[in-house]
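Trainee: Below is the file model-v6.txt, which contains compact mmCIF, C-alpha atoms.
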# COMPACT_ATOMS: atom_id res chain seq x y z
CA MET A 28 103.28 53.37 -109.36
CA THR A 29 103.42 56.75 -111.09
CA VAL A 30 106.07 57.25 -113.75
CA ASP A 31 107.67 60.69 -113.79
CA LEU A 32 108.05 61.40 -117.47
CA GLU A 33 109.81 64.69 -116.79
CA LYS A 34 112.66 62.90 -115.01
CA GLY A 35 112.84 60.09 -117.54
CA ASP A 36 112.13 57.16 -115.19
CA GLY A 37 110.89 53.75 -116.31
CA LEU A 38 112.19 53.60 -119.84
CA ILE A 39 110.52 51.16 -122.21
CA ASP A 40 113.10 50.04 -124.74
CA SER A 41 111.06 49.86 -127.92
CA PRO A 42 112.88 51.33 -130.91
CA LEU A 43 110.34 52.63 -133.39
CA GLU A 44 111.70 52.48 -136.92
CA VAL A 45 108.93 53.55 -139.26
CA ASP A 46 109.08 54.67 -142.84
CA ILE A 47 106.05 56.86 -143.43
CA GLY A 48 107.14 58.14 -146.79
CA SER A 49 109.31 60.96 -148.01
CA SER A 50 108.28 64.55 -148.32
CA GLY A 51 109.97 67.69 -149.43
CA GLY A 52 109.81 71.18 -148.07
CA PRO A 53 111.26 72.62 -144.86
CA ILE A 54 111.56 70.49 -141.72
CA ILE A 55 108.94 71.60 -139.17
CA GLU A 56 110.52 71.57 -135.72
CA PRO A 57 108.46 70.71 -132.62
CA TYR A 58 107.97 73.41 -129.99
CA VAL A 59 106.44 73.63 -126.54
CA GLY A 60 102.73 74.35 -126.94
CA MET A 61 102.43 72.59 -130.30
CA GLU A 62 99.07 70.77 -130.52
CA PHE A 63 97.95 67.51 -132.12
CA ASP A 64 94.54 65.88 -132.43
CA SER A 65 95.75 62.54 -131.05
CA GLU A 66 98.74 60.73 -129.57
CA ASP A 67 99.17 58.89 -132.86
CA ASP A 68 99.37 62.18 -134.77
CA ALA A 69 102.05 63.43 -132.35
CA ARG A 70 104.02 60.21 -132.71
CA LYS A 71 103.85 60.25 -136.52
CA PHE A 72 104.95 63.88 -136.59
CA TYR A 73 107.99 63.20 -134.41
CA VAL A 74 108.90 60.07 -136.39
CA GLU A 75 108.77 62.04 -139.65
CA TYR A 76 110.75 64.87 -138.05
CA ALA A 77 113.36 62.34 -136.88
CA ARG A 78 113.52 60.62 -140.26
CA ARG A 79 114.15 63.85 -142.10
CA LEU A 80 116.61 65.14 -139.50
CA GLY A 81 118.58 61.89 -139.41
CA PHE A 82 117.84 59.88 -136.25
CA VAL A 83 115.60 57.02 -135.13
CA VAL A 84 112.80 57.39 -132.57
CA ARG A 85 112.64 55.28 -129.43
CA ILE A 86 109.32 54.99 -127.60
CA MET A 87 110.05 55.80 -123.97
CA GLN A 88 107.53 56.05 -121.13
CA ARG A 89 103.85 56.69 -120.93
CA ARG A 90 101.57 57.70 -118.07
CA ARG A 91 98.18 56.06 -117.80
CA SER A 92 94.97 57.06 -116.10
CA GLY A 93 94.35 55.19 -112.87
CA ILE A 94 90.63 55.22 -113.65
CA ASP A 95 90.27 53.84 -117.16
CA GLY A 96 93.86 53.04 -118.19
CA ARG A 97 93.97 55.65 -120.97
CA THR A 98 97.34 57.06 -121.95
CA LEU A 99 97.64 60.60 -120.59
CA ALA A 100 101.22 61.40 -121.55
CA ARG A 101 103.87 59.95 -123.81
CA ARG A 102 107.60 60.52 -124.01
CA LEU A 103 109.59 59.82 -127.19
CA GLY A 104 113.27 60.28 -127.80
CA CYS A 105 116.34 59.47 -129.82
CA ASN A 106 117.23 55.77 -129.92
CA LYS A 107 120.73 56.68 -128.72
CA GLN A 108 119.39 57.74 -125.33
CA GLY A 109 120.91 56.11 -122.26
CA PHE A 110 123.69 53.57 -122.00
CA SER A 111 123.55 49.77 -122.14
CA PRO A 112 125.51 48.22 -119.23
CA ASN A 113 127.29 44.92 -119.72
CA GLN A 114 125.06 42.14 -118.42
CA LYS A 115 126.14 38.94 -116.70
CA GLY A 116 124.33 35.70 -117.28
CA PRO A 117 122.63 33.94 -114.35
CA ILE A 118 124.94 30.95 -114.85
CA GLY A 119 128.46 30.77 -116.15
CA PRO A 120 130.98 33.47 -117.10
CA GLU A 121 130.14 36.98 -118.14
CA LYS A 122 128.34 37.17 -121.46
CA LYS A 123 129.85 39.06 -124.33
CA PRO A 124 128.09 42.46 -124.27
CA ARG A 125 125.67 43.07 -127.08
CA PRO A 126 126.54 45.79 -129.55
CA SER A 127 124.88 49.01 -128.47
CA ALA A 128 124.05 52.16 -130.39
CA ARG A 129 123.34 54.12 -127.20
CA GLU A 130 125.43 57.21 -126.59
CA GLY A 131 123.59 59.03 -123.81
CA CYS A 132 121.71 61.36 -126.16
CA ASN A 133 119.19 63.65 -124.45
CA ALA A 134 117.02 64.55 -127.47
CA THR A 135 113.41 63.98 -126.42
CA ILE A 136 109.82 65.17 -126.70
CA LEU A 137 106.99 64.93 -124.17
CA VAL A 138 103.34 65.23 -125.17
CA LYS A 139 100.38 65.31 -122.79
CA MET A 140 96.64 65.10 -123.33
CA GLU A 141 94.83 68.22 -122.17
CA LYS A 142 91.23 68.39 -120.90
CA SER A 143 90.22 69.58 -124.35
CA GLY A 144 91.36 66.24 -125.78
CA LYS A 145 94.26 67.84 -127.65
CA TRP A 146 97.79 66.47 -127.27
CA VAL A 147 100.24 69.26 -126.45
CA VAL A 148 104.04 69.31 -126.48
CA THR A 149 105.15 70.23 -122.94
CA ARG A 150 108.85 69.51 -123.33
CA PHE A 151 111.22 69.39 -126.28
CA VAL A 152 114.99 68.82 -126.23
CA LYS A 153 116.44 69.37 -129.68
CA ASP A 154 120.19 68.84 -129.37
CA HIS A 155 121.84 65.48 -130.05
CA ASN A 156 125.33 64.49 -128.87
CA HIS A 157 126.10 62.49 -132.01
CA PRO A 158 126.17 63.10 -135.76
CA LEU A 159 122.86 62.92 -137.61
CA VAL A 160 122.89 61.09 -140.93
CA VAL A 161 119.86 61.02 -143.19
CA THR A 162 119.58 57.60 -144.85
CA ALA A 163 116.92 55.93 -146.97
CA ASN A 164 116.63 52.80 -144.80
CA GLY A 165 115.49 54.57 -141.64
CA PHE A 166 118.69 54.07 -139.62
CA SER A 167 120.40 57.20 -138.34
CA THR A 168 123.91 55.95 -139.15
CA ALA A 169 125.36 53.33 -141.46
CA GLY A 170 126.57 51.31 -138.48
CA ASP A 171 123.16 51.16 -136.82
CA LYS A 172 121.84 48.72 -139.41
CA ASP A 173 124.69 46.25 -138.82
CA LYS A 174 124.33 46.61 -135.05
CA LYS A 175 120.61 45.94 -135.29
CA ILE A 176 121.22 42.83 -137.39
CA GLN A 177 123.76 41.59 -134.83
CA GLU A 178 121.32 42.23 -131.97
CA LEU A 179 118.52 40.36 -133.74
CA THR A 180 120.86 37.47 -134.60
CA MET A 181 121.96 37.15 -130.97
CA GLU A 182 118.35 37.30 -129.80
CA LEU A 183 117.40 34.60 -132.30
CA GLU A 184 120.21 32.36 -131.03
CA HIS A 185 119.05 32.98 -127.47
CA GLN A 186 115.48 32.03 -128.33
CA GLU A 187 116.69 28.89 -130.12
CA ARG A 188 118.61 27.85 -126.98
CA LEU A 189 115.50 28.42 -124.89
CA CYS A 190 113.41 26.34 -127.28
CA SER A 191 115.96 23.54 -127.11
CA THR A 192 115.90 23.62 -123.31
CA TYR A 193 112.10 23.59 -123.19
CA ARG A 194 112.04 20.73 -125.70
CA GLU A 195 114.37 18.65 -123.52
CA LYS A 196 112.28 19.36 -120.42
CA LEU A 197 109.09 18.42 -122.26
CA LEU A 198 110.59 15.15 -123.53
CA SER A 199 111.82 14.33 -120.03
CA PHE A 200 108.37 15.05 -118.60
CA MET A 201 106.68 12.88 -121.22
CA LYS A 202 109.15 10.06 -120.52
CA ASN A 203 108.39 10.25 -116.80
CA VAL A 204 104.66 10.18 -117.51
CA GLU A 205 105.11 7.17 -119.79
CA GLU A 206 107.15 5.31 -117.17
CA GLN A 207 104.61 6.07 -114.45
CA THR A 208 101.79 4.95 -116.76
CA GLU A 209 103.53 1.65 -117.45
CA GLU A 210 104.16 1.15 -113.74
CA LEU A 211 100.54 1.89 -112.93
CA SER A 212 99.35 -0.47 -115.68
CA ALA A 213 101.55 -3.24 -114.25
CA LYS A 214 100.10 -2.69 -110.78
CA ILE A 215 96.53 -2.75 -112.12
CA GLN A 216 97.29 -5.95 -114.05
CA LEU A 217 98.67 -7.56 -110.88
CA ILE A 218 95.56 -6.56 -108.94
CA VAL A 219 93.32 -8.00 -111.65
CA GLU A 220 95.25 -11.29 -111.60
CA ASN A 221 95.03 -11.47 -107.80
CA VAL A 222 91.27 -10.83 -107.93
CA ARG A 223 90.89 -13.60 -110.51
CA LYS A 224 92.88 -15.99 -108.30
CA VAL A 225 90.67 -15.17 -105.32
CA GLU A 226 87.54 -15.71 -107.41
CA SER A 227 88.91 -19.02 -108.71
CA GLU A 228 89.73 -20.24 -105.18
CA THR A 229 86.30 -19.17 -103.99
CA GLN A 230 84.63 -21.15 -106.80
CA LYS A 231 86.71 -24.24 -105.99
CA HIS A 232 85.65 -24.10 -102.32
CA SER A 233 82.03 -23.66 -103.33
CA LYS A 234 82.12 -26.80 -105.55
CA ARG A 235 83.69 -28.89 -102.79
CA ARG A 236 80.77 -28.07 -100.55
So, in terms of structure tokens, how does the structure I just supplied come out?

Mentor:
Amino acid sequence: MTVDLEKGDGLIDSPLEVDIGSSGGPIIEPYVGMEFDSEDDARKFYVEYARRLGFVVRIMQRRRSGIDGRTLARRLGCNKQGFSPNQKGPIGPEKKPRPSAREGCNATILVKMEKSGKWVVTRFVKDHNHPLVVTANGFSTAGDKDKKIQELTMELEHQERLCSTYREKLLSFMKNVEEQTEELSAKIQLIVENVRKVESETQKHSKRR
């Protein structure tokens, strides 16, 4: 399946919050045709650009080579891209929606690897539909930090519930195995006793002869 990075299909929700240090001087803005030596250099540049401008980068899609699996193109964007729909649980009433920082922002950058090996910016959308706030902790707004903490707390609680469920299933499985082992041992013991009885009866008949 080919992912169309230009259309923005197949998003991979992986917020990238990296502090790569502070630097002064003017903010260098990306532009179509801008070149980098590697994908990592392009990513670091955009992360630093985002940090200084006042937003957080979200790693979006990538396109891989069908021959050797190498990454041929990468799309990055603002972490407020898209919208998070309310999700219903598989069992029970509707879950309380998780706090979301998404606001449908379209700010994005697309870099592709050329035949020369250079990574070139082929698309750049600058404008954001939300205020940009430069902060020292790497979050684009003061509320993002609290929302992230809430998201992580809810995820931790979810994982703890899963662990509890798996633990109960494992204990139940072990109990079943133990019961079956005891039952099998009892059957083997009965067989052994029956064999001994047969041997004893056979010996008695042999002596009578």

Trainee: Of the candidates A:Lys224, A:Lys202, A:Lys71, A:Lys139, which shows the shortest atom-to-atom distance to A:Arg97, using only C-alpha atoms?

Mentor: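 Using only C-alpha atoms, the shortest distance to A:Arg97 belongs to A:Lys139.
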
Trainee: Please provide as a VMD selection string all residues within 8 Å of A:Val138, with the sequence filter that same-chain residues fewer than 3 positions apart are discarded (counting all atoms listed in the file).

Mentor: chain A and resid 66 69 100 to 102 146 to 150

Trainee: Do you know which residues lie at most 12 Å from (123.3, 69.4, -133.6), with coordinates as in the file and all atoms listed in the file counted, and could you write them as a list in words?

Mentor: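 The requested residues, written out, are Leu80, Gly81, Phe82, Cys132, Asn133, Ala134, Val152, Lys153, Asp154, His155, Asn156, His157, Pro158, Leu159 and Val160 of chain A.
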
Trainee: Please compute the atom CA of A:Ile86-atom CA of A:Leu103 distance, one decimal, in Å.

Mentor: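 Calculated distance between atom CA of A:Ile86 and atom CA of A:Leu103 is 4.9 Å.
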
Trainee: Is there a way to get, as a short mmCIF file (atom, residue, chain, number, x, y, z; two decimals) with C-alpha atoms, in the coordinates of the input, all residues within 6 Å of the point (107.0, 69.3, -130.4) in file coordinates, counting only C-alpha atoms?

Mentor:
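Final output, saved to out_3.cif:
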data_model
loop_
_atom_site.label_atom_id
_atom_site.label_comp_id
_atom_site.auth_asym_id
_atom_site.auth_seq_id
_atom_site.Cartn_x
_atom_site.Cartn_y
_atom_site.Cartn_z
CA PRO A 57 108.46 70.71 -132.62
CA TYR A 58 107.97 73.41 -129.99
CA VAL A 59 106.44 73.63 -126.54
CA MET A 61 102.43 72.59 -130.30
CA VAL A 148 104.04 69.31 -126.48
CA PHE A 151 111.22 69.39 -126.28
#

Trainee: Go ahead and fit an axis-aligned box to every listed atom of stretch 74-84 of chain A plus 3 Å each side, and pass me the centre and edge lengths in Å, one decimal, as AutoDock Vina command-line options.

Mentor:
--center_x 113.7 --center_y 61.1 --center_z -137.3 --size_x 15.8 --size_y 14.1 --size_z 15.5

Trainee: Atom CA of A:Glu141 and atom CA of A:Glu62 are how many Å apart?

Mentor: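 These two atoms are separated by 9.7 Å.
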
Trainee: Find, counting only C-alpha atoms, the residue in A:Ser227, A:Gln88, A:Gln186, A:Thr208 that gets nearest to A:Ile136.

Mentor: A:Gln88

Trainee: One decimal, Å: what's the distance from atom CA of A:Cys105 over to atom CA of A:Lys145, could you say?

Mentor: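 Between atom CA of A:Cys105 and atom CA of A:Lys145 the gap works out to 23.7 Å.
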
Trainee: Just checking: using only C-alpha atoms, which residue out of A:Gly104, A:Pro53, A:Gly60, A:Gly96 ends up closest to A:Arg79?

Mentor: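 Looking only at the distances to A:Arg79, the closest residue turns out to be A:Pro53.
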
Trainee: Please, could N, CA and C atoms be added to stretch 176-208 of chain A and the result written as a CSV table (one decimal), in the coordinates of the input?

Mentor:
chain,number,residue,atom,x,y,z
A,176,ILE,N,121.2,44.2,-136.9
A,176,ILE,CA,121.2,42.8,-137.4
A,176,ILE,C,121.9,41.9,-136.4
A,177,GLN,N,123.0,42.4,-135.8
A,177,GLN,CA,123.8,41.6,-134.8
A,177,GLN,C,122.9,41.3,-133.6
A,178,GLU,N,122.2,42.4,-133.1
A,178,GLU,CA,121.3,42.2,-132.0
A,178,GLU,C,120.2,41.2,-132.2
A,179,LEU,N,119.6,41.3,-133.4
A,179,LEU,CA,118.5,40.4,-133.7
A,179,LEU,C,119.0,38.9,-133.9
A,180,THR,N,120.3,38.8,-134.4
A,180,THR,CA,120.9,37.5,-134.6
A,180,THR,C,121.1,36.9,-133.2
A,181,MET,N,121.7,37.7,-132.3
A,181,MET,CA,122.0,37.2,-131.0
A,181,MET,C,120.7,36.8,-130.2
A,182,GLU,N,119.6,37.6,-130.4
A,182,GLU,CA,118.4,37.3,-129.8
A,182,GLU,C,117.8,36.0,-130.4
A,183,LEU,N,117.9,35.8,-131.7
A,183,LEU,CA,117.4,34.6,-132.3
A,183,LEU,C,118.1,33.4,-131.7
A,184,GLU,N,119.4,33.5,-131.6
A,184,GLU,CA,120.2,32.4,-131.0
A,184,GLU,C,119.8,32.1,-129.6
A,185,HIS,N,119.5,33.1,-128.8
A,185,HIS,CA,119.0,33.0,-127.5
A,185,HIS,C,117.7,32.3,-127.4
A,186,GLN,N,116.8,32.7,-128.3
A,186,GLN,CA,115.5,32.0,-128.3
A,186,GLN,C,115.6,30.6,-128.8
A,187,GLU,N,116.5,30.3,-129.7
A,187,GLU,CA,116.7,28.9,-130.1
A,187,GLU,C,117.2,28.0,-129.0
A,188,ARG,N,118.1,28.6,-128.1
A,188,ARG,CA,118.6,27.8,-127.0
A,188,ARG,C,117.5,27.6,-126.0
A,189,LEU,N,116.6,28.6,-125.8
A,189,LEU,CA,115.5,28.4,-124.9
A,189,LEU,C,114.6,27.3,-125.4
A,190,CYS,N,114.3,27.3,-126.7
A,190,CYS,CA,113.4,26.3,-127.3
A,190,CYS,C,114.0,24.9,-127.1
A,191,SER,N,115.3,24.8,-127.3
A,191,SER,CA,116.0,23.5,-127.1
A,191,SER,C,115.8,23.1,-125.7
A,192,THR,N,116.0,24.0,-124.7
A,192,THR,CA,115.9,23.6,-123.3
A,192,THR,C,114.5,23.2,-123.0
A,193,TYR,N,113.5,23.9,-123.5
A,193,TYR,CA,112.1,23.6,-123.2
A,193,TYR,C,111.7,22.2,-123.8
A,194,ARG,N,112.3,22.0,-125.0
A,194,ARG,CA,112.0,20.7,-125.7
A,194,ARG,C,112.6,19.5,-124.9
A,195,GLU,N,113.8,19.7,-124.3
A,195,GLU,CA,114.4,18.6,-123.5
A,195,GLU,C,113.5,18.4,-122.3
A,196,LYS,N,113.1,19.5,-121.6
A,196,LYS,CA,112.3,19.4,-120.4
A,196,LYS,C,110.9,18.7,-120.7
A,197,LEU,N,110.4,19.0,-121.9
A,197,LEU,CA,109.1,18.4,-122.3
A,197,LEU,C,109.3,16.9,-122.5
A,198,LEU,N,110.3,16.6,-123.2
A,198,LEU,CA,110.6,15.2,-123.5
A,198,LEU,C,110.8,14.4,-122.2
A,199,SER,N,111.6,15.0,-121.3
A,199,SER,CA,111.8,14.3,-120.0
A,199,SER,C,110.5,14.1,-119.3
A,200,PHE,N,109.7,15.1,-119.3
A,200,PHE,CA,108.4,15.0,-118.6
A,200,PHE,C,107.5,13.9,-119.2
A,201,MET,N,107.5,13.9,-120.5
A,201,MET,CA,106.7,12.9,-121.2
A,201,MET,C,107.2,11.5,-120.9
A,202,LYS,N,108.6,11.4,-120.8
A,202,LYS,CA,109.2,10.1,-120.5
A,202,LYS,C,108.8,9.6,-119.1
A,203,ASN,N,108.8,10.6,-118.2
A,203,ASN,CA,108.4,10.2,-116.8
A,203,ASN,C,106.9,9.8,-116.7
A,204,VAL,N,106.1,10.5,-117.5
A,204,VAL,CA,104.7,10.2,-117.5
A,204,VAL,C,104.5,8.8,-118.1
A,205,GLU,N,105.2,8.5,-119.2
A,205,GLU,CA,105.1,7.2,-119.8
A,205,GLU,C,105.6,6.1,-118.8
A,206,GLU,N,106.7,6.3,-118.1
A,206,GLU,CA,107.2,5.3,-117.2
A,206,GLU,C,106.1,5.1,-116.0
A,207,GLN,N,105.6,6.2,-115.5
A,207,GLN,CA,104.6,6.1,-114.4
A,207,GLN,C,103.3,5.4,-114.9
A,208,THR,N,103.0,5.6,-116.2
A,208,THR,CA,101.8,5.0,-116.8
A,208,THR,C,102.0,3.4,-116.9
